[in-house]
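Peer 1: The structure that follows is given in the form of structure tokens.
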Amino acid sequence: MFRSKWRWSSAKGVGFDEITSLTNLGLSFEDRTSFIEYVRSKHWQDLQSYHLGIGQLSIFLPISKGTRSIEIQGYDLVWQDTVIELPNNIQQLALHSCHDITFLSKLSDTTNLENLRQCYLSNCNGLEFITASCNRFPSLELLVLRKLPKLKAISDGIAASQIFTKLKCLKIHSCNSMKYLFSSGMLQDFPNLEEIEVWNSSLIQEMVED
């Protein structure tokens, strides 16, 4: 359903409780409230795979059958001081034009992100860091950062030990507040990093600070 203009809403009275044989679901929600109600229903626990979200989906997130994906476009992630709740078994995450968070790791306040393997961030104007030192992304293999005008660094300046132990690929495009990718003390915290791409990020002077 996510390729159509149809959007699911809890206000329409349509539920999933009676669809017991459903194994794969691709669905866009009409509003933030409907999305949260679905997540709290735990229906996603019975699915083999899903691609769910708010807004126009599949703009830049590659859809992989058998993968559990969430995509949110153009909505705030914090409401009344509470971070939006996501499924705890999410493997792919894409955020586009979500402007109200400064740390991506803030999502871990309400969601277990230990299964997250791929993350795509685009046009999130308030994002300054991916993580603080106390937050981990133990399964993350791919991180794509695109058009993030306030992004200063991957971590908040504190050593990122055990945070990105499985990260293999880092792609940065048009992040014009970054001056370097890593501090010298952070290099040992990326033991599996194989590929780095940097495009159109005008302030970057060094890959490794000092």
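FYI, nothing fancy with the structure tokens labels: chains A, B, ... in order, residues from 1 per chain, ligands from 1 as they appear.
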Which residues are close to Leu22 in chain A, i.e. within 9 Å by only C-alpha atoms, leaving aside same-chain residues fewer than 4 positions away? Reply as an MDAnalysis selection string.
Peer 2: chainID A and resid 16 46:48
Peer 1: Residues as selected, N, CA, C and O atoms, written as an mmCIF file, in the first residue's frame, can you do that?
Peer 2:
```
data_model
loop_
_atom_site.group_PDB
_atom_site.id
_atom_site.type_symbol
_atom_site.label_atom_id
_atom_site.label_comp_id
_atom_site.auth_asym_id
_atom_site.auth_seq_id
_atom_site.Cartn_x
_atom_site.Cartn_y
_atom_site.Cartn_z
ATOM 1 N N PHE A 16 -6.161 -4.484 12.361
ATOM 2 C CA PHE A 16 -5.421 -5.624 11.821
ATOM 3 C C PHE A 16 -5.597 -6.885 12.663
ATOM 4 O O PHE A 16 -5.031 -7.926 12.341
ATOM 5 N N ASP A 46 4.146 -9.957 14.853
ATOM 6 C CA ASP A 46 3.732 -11.176 14.166
ATOM 7 C C ASP A 46 4.115 -11.182 12.687
ATOM 8 O O ASP A 46 3.833 -12.147 11.977
ATOM 9 N N LEU A 47 4.761 -10.108 12.205
ATOM 10 C CA LEU A 47 5.116 -9.998 10.796
ATOM 11 C C LEU A 47 6.541 -10.490 10.555
ATOM 12 O O LEU A 47 7.431 -10.274 11.375
ATOM 13 N N GLN A 48 6.738 -11.113 9.400
ATOM 14 C CA GLN A 48 8.084 -11.491 9.002
ATOM 15 C C GLN A 48 8.870 -10.275 8.525
ATOM 16 O O GLN A 48 10.078 -10.176 8.735
#
```
Peer 1: Within 7 Å of Phe182 in chain A, counting only C-alpha atoms, which residues qualify if same-chain residues fewer than 4 places away don't, as a PyMOL selection string?
Peer 2: chain A and resi 186-187+207-209
Peer 1: Assign secondary structure with DSSP using the backbone only, and return the residues of range 37-206 of chain A in alpha helix (DSSP H) as a ChimeraX atom specification.
Peer 2: /A:37-41
Peer 1: For the residues selected in the previous step, produce a file with N, CA and C atoms as a tab-separated table (two decimals), in the first residue's frame.
Peer 2:
```tsv
chain	number	residue	atom	x	y	z
A	37	GLU	N	-0.38	4.51	17.48
A	37	GLU	CA	-1.36	3.51	17.94
A	37	GLU	C	-1.04	2.14	17.35
A	38	TYR	N	-0.62	2.11	16.09
A	38	TYR	CA	-0.27	0.83	15.49
A	38	TYR	C	0.96	0.23	16.17
A	39	VAL	N	1.98	1.05	16.40
A	39	VAL	CA	3.19	0.54	17.05
A	39	VAL	C	2.85	-0.04	18.43
A	40	ARG	N	2.01	0.65	19.17
A	40	ARG	CA	1.65	0.18	20.52
A	40	ARG	C	0.76	-1.05	20.50
A	41	SER	N	0.12	-1.31	19.36
A	41	SER	CA	-0.71	-2.52	19.26
A	41	SER	C	0.12	-3.79	19.22
```
Peer 1: Considering only C-alpha atoms, can you say which of A:Asn123, A:Gln118, A:Ser155, A:Thr111 comes closest to Gln92 in chain A?
Peer 2: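 Nearest to Gln92 in chain A: A:Gln118.
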Peer 1: Run DSSP on the backbone of this structure and report the residues of range 39-164 of chain A it assigns to strand (DSSP E or B), as a count of residues only.
Peer 2: 38
Peer 1: Could you check which of A:Trp44, A:Phe164, A:Phe29, A:Phe35 is closest to Leu193 in chain A, using only C-alpha atoms?
Peer 2: A:Phe164
Peer 1: Show which residues sit within 8 Å of range 150-153 of chain A, as a list in words. Count only C-alpha atoms, and ignore same-chain residues fewer than 3 positions away.
Peer 2: Asn125, Gly126, Leu127, Glu128, Phe129, Ile130, Asp156, Gly157, Cys175, Asn176, Ser177, Met178, Lys179, Tyr180, Leu181 and Phe182 of chain A
Peer 1: Selected residues, N, CA and C atoms, written as a PDB file, in the first residue's frame, please.
Peer 2:
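And here's part_8.pdb as it stands now:
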```pdb
ATOM      1  N   ASN A 125      17.052  19.382   9.765  1.00  0.00           N
ATOM      2  CA  ASN A 125      17.777  20.632   9.960  1.00  0.00           C
ATOM      3  C   ASN A 125      18.274  20.867  11.381  1.00  0.00           C
ATOM      4  N   GLY A 126      17.723  20.155  12.366  1.00  0.00           N
ATOM      5  CA  GLY A 126      18.157  20.367  13.743  1.00  0.00           C
ATOM      6  C   GLY A 126      19.218  19.386  14.216  1.00  0.00           C
ATOM      7  N   LEU A 127      19.516  18.354  13.435  1.00  0.00           N
ATOM      8  CA  LEU A 127      20.414  17.288  13.879  1.00  0.00           C
ATOM      9  C   LEU A 127      21.859  17.784  13.970  1.00  0.00           C
ATOM     10  N   GLU A 128      22.472  17.648  15.160  1.00  0.00           N
ATOM     11  CA  GLU A 128      23.843  18.100  15.376  1.00  0.00           C
ATOM     12  C   GLU A 128      24.816  16.946  15.561  1.00  0.00           C
ATOM     13  N   PHE A 129      24.354  15.846  16.170  1.00  0.00           N
ATOM     14  CA  PHE A 129      25.196  14.670  16.394  1.00  0.00           C
ATOM     15  C   PHE A 129      24.366  13.412  16.158  1.00  0.00           C
ATOM     16  N   ILE A 130      25.038  12.328  15.835  1.00  0.00           N
ATOM     17  CA  ILE A 130      24.340  11.049  15.718  1.00  0.00           C
ATOM     18  C   ILE A 130      24.124  10.450  17.096  1.00  0.00           C
ATOM     19  N   ASP A 156      29.444  13.216  19.999  1.00  0.00           N
ATOM     20  CA  ASP A 156      29.421  14.557  20.587  1.00  0.00           C
ATOM     21  C   ASP A 156      30.772  14.994  21.135  1.00  0.00           C
ATOM     22  N   GLY A 157      31.846  14.373  20.671  1.00  0.00           N
ATOM     23  CA  GLY A 157      33.181  14.759  21.101  1.00  0.00           C
ATOM     24  C   GLY A 157      33.768  13.831  22.138  1.00  0.00           C
ATOM     25  N   CYS A 175      26.892  17.967   4.125  1.00  0.00           N
ATOM     26  CA  CYS A 175      26.795  18.288   5.555  1.00  0.00           C
ATOM     27  C   CYS A 175      27.810  19.391   5.821  1.00  0.00           C
ATOM     28  N   ASN A 176      27.363  20.636   5.758  1.00  0.00           N
ATOM     29  CA  ASN A 176      28.282  21.762   5.655  1.00  0.00           C
ATOM     30  C   ASN A 176      28.647  22.418   6.976  1.00  0.00           C
ATOM     31  N   SER A 177      28.401  21.731   8.093  1.00  0.00           N
ATOM     32  CA  SER A 177      28.902  22.213   9.378  1.00  0.00           C
ATOM     33  C   SER A 177      29.993  21.303   9.942  1.00  0.00           C
ATOM     34  N   MET A 178      30.284  20.202   9.258  1.00  0.00           N
ATOM     35  CA  MET A 178      31.309  19.263   9.719  1.00  0.00           C
ATOM     36  C   MET A 178      32.681  19.739   9.261  1.00  0.00           C
ATOM     37  N   LYS A 179      33.655  19.722  10.192  1.00  0.00           N
ATOM     38  CA  LYS A 179      35.028  20.089   9.860  1.00  0.00           C
ATOM     39  C   LYS A 179      35.931  18.871   9.796  1.00  0.00           C
ATOM     40  N   TYR A 180      35.538  17.798  10.462  1.00  0.00           N
ATOM     41  CA  TYR A 180      36.284  16.538  10.412  1.00  0.00           C
ATOM     42  C   TYR A 180      35.310  15.404  10.707  1.00  0.00           C
ATOM     43  N   LEU A 181      35.698  14.175  10.353  1.00  0.00           N
ATOM     44  CA  LEU A 181      34.825  13.021  10.574  1.00  0.00           C
ATOM     45  C   LEU A 181      35.057  12.386  11.933  1.00  0.00           C
ATOM     46  N   PHE A 182      36.323  12.266  12.316  1.00  0.00           N
ATOM     47  CA  PHE A 182      36.665  11.594  13.562  1.00  0.00           C
ATOM     48  C   PHE A 182      37.736  12.388  14.295  1.00  0.00           C
TER      49      PHE A 182
END
```
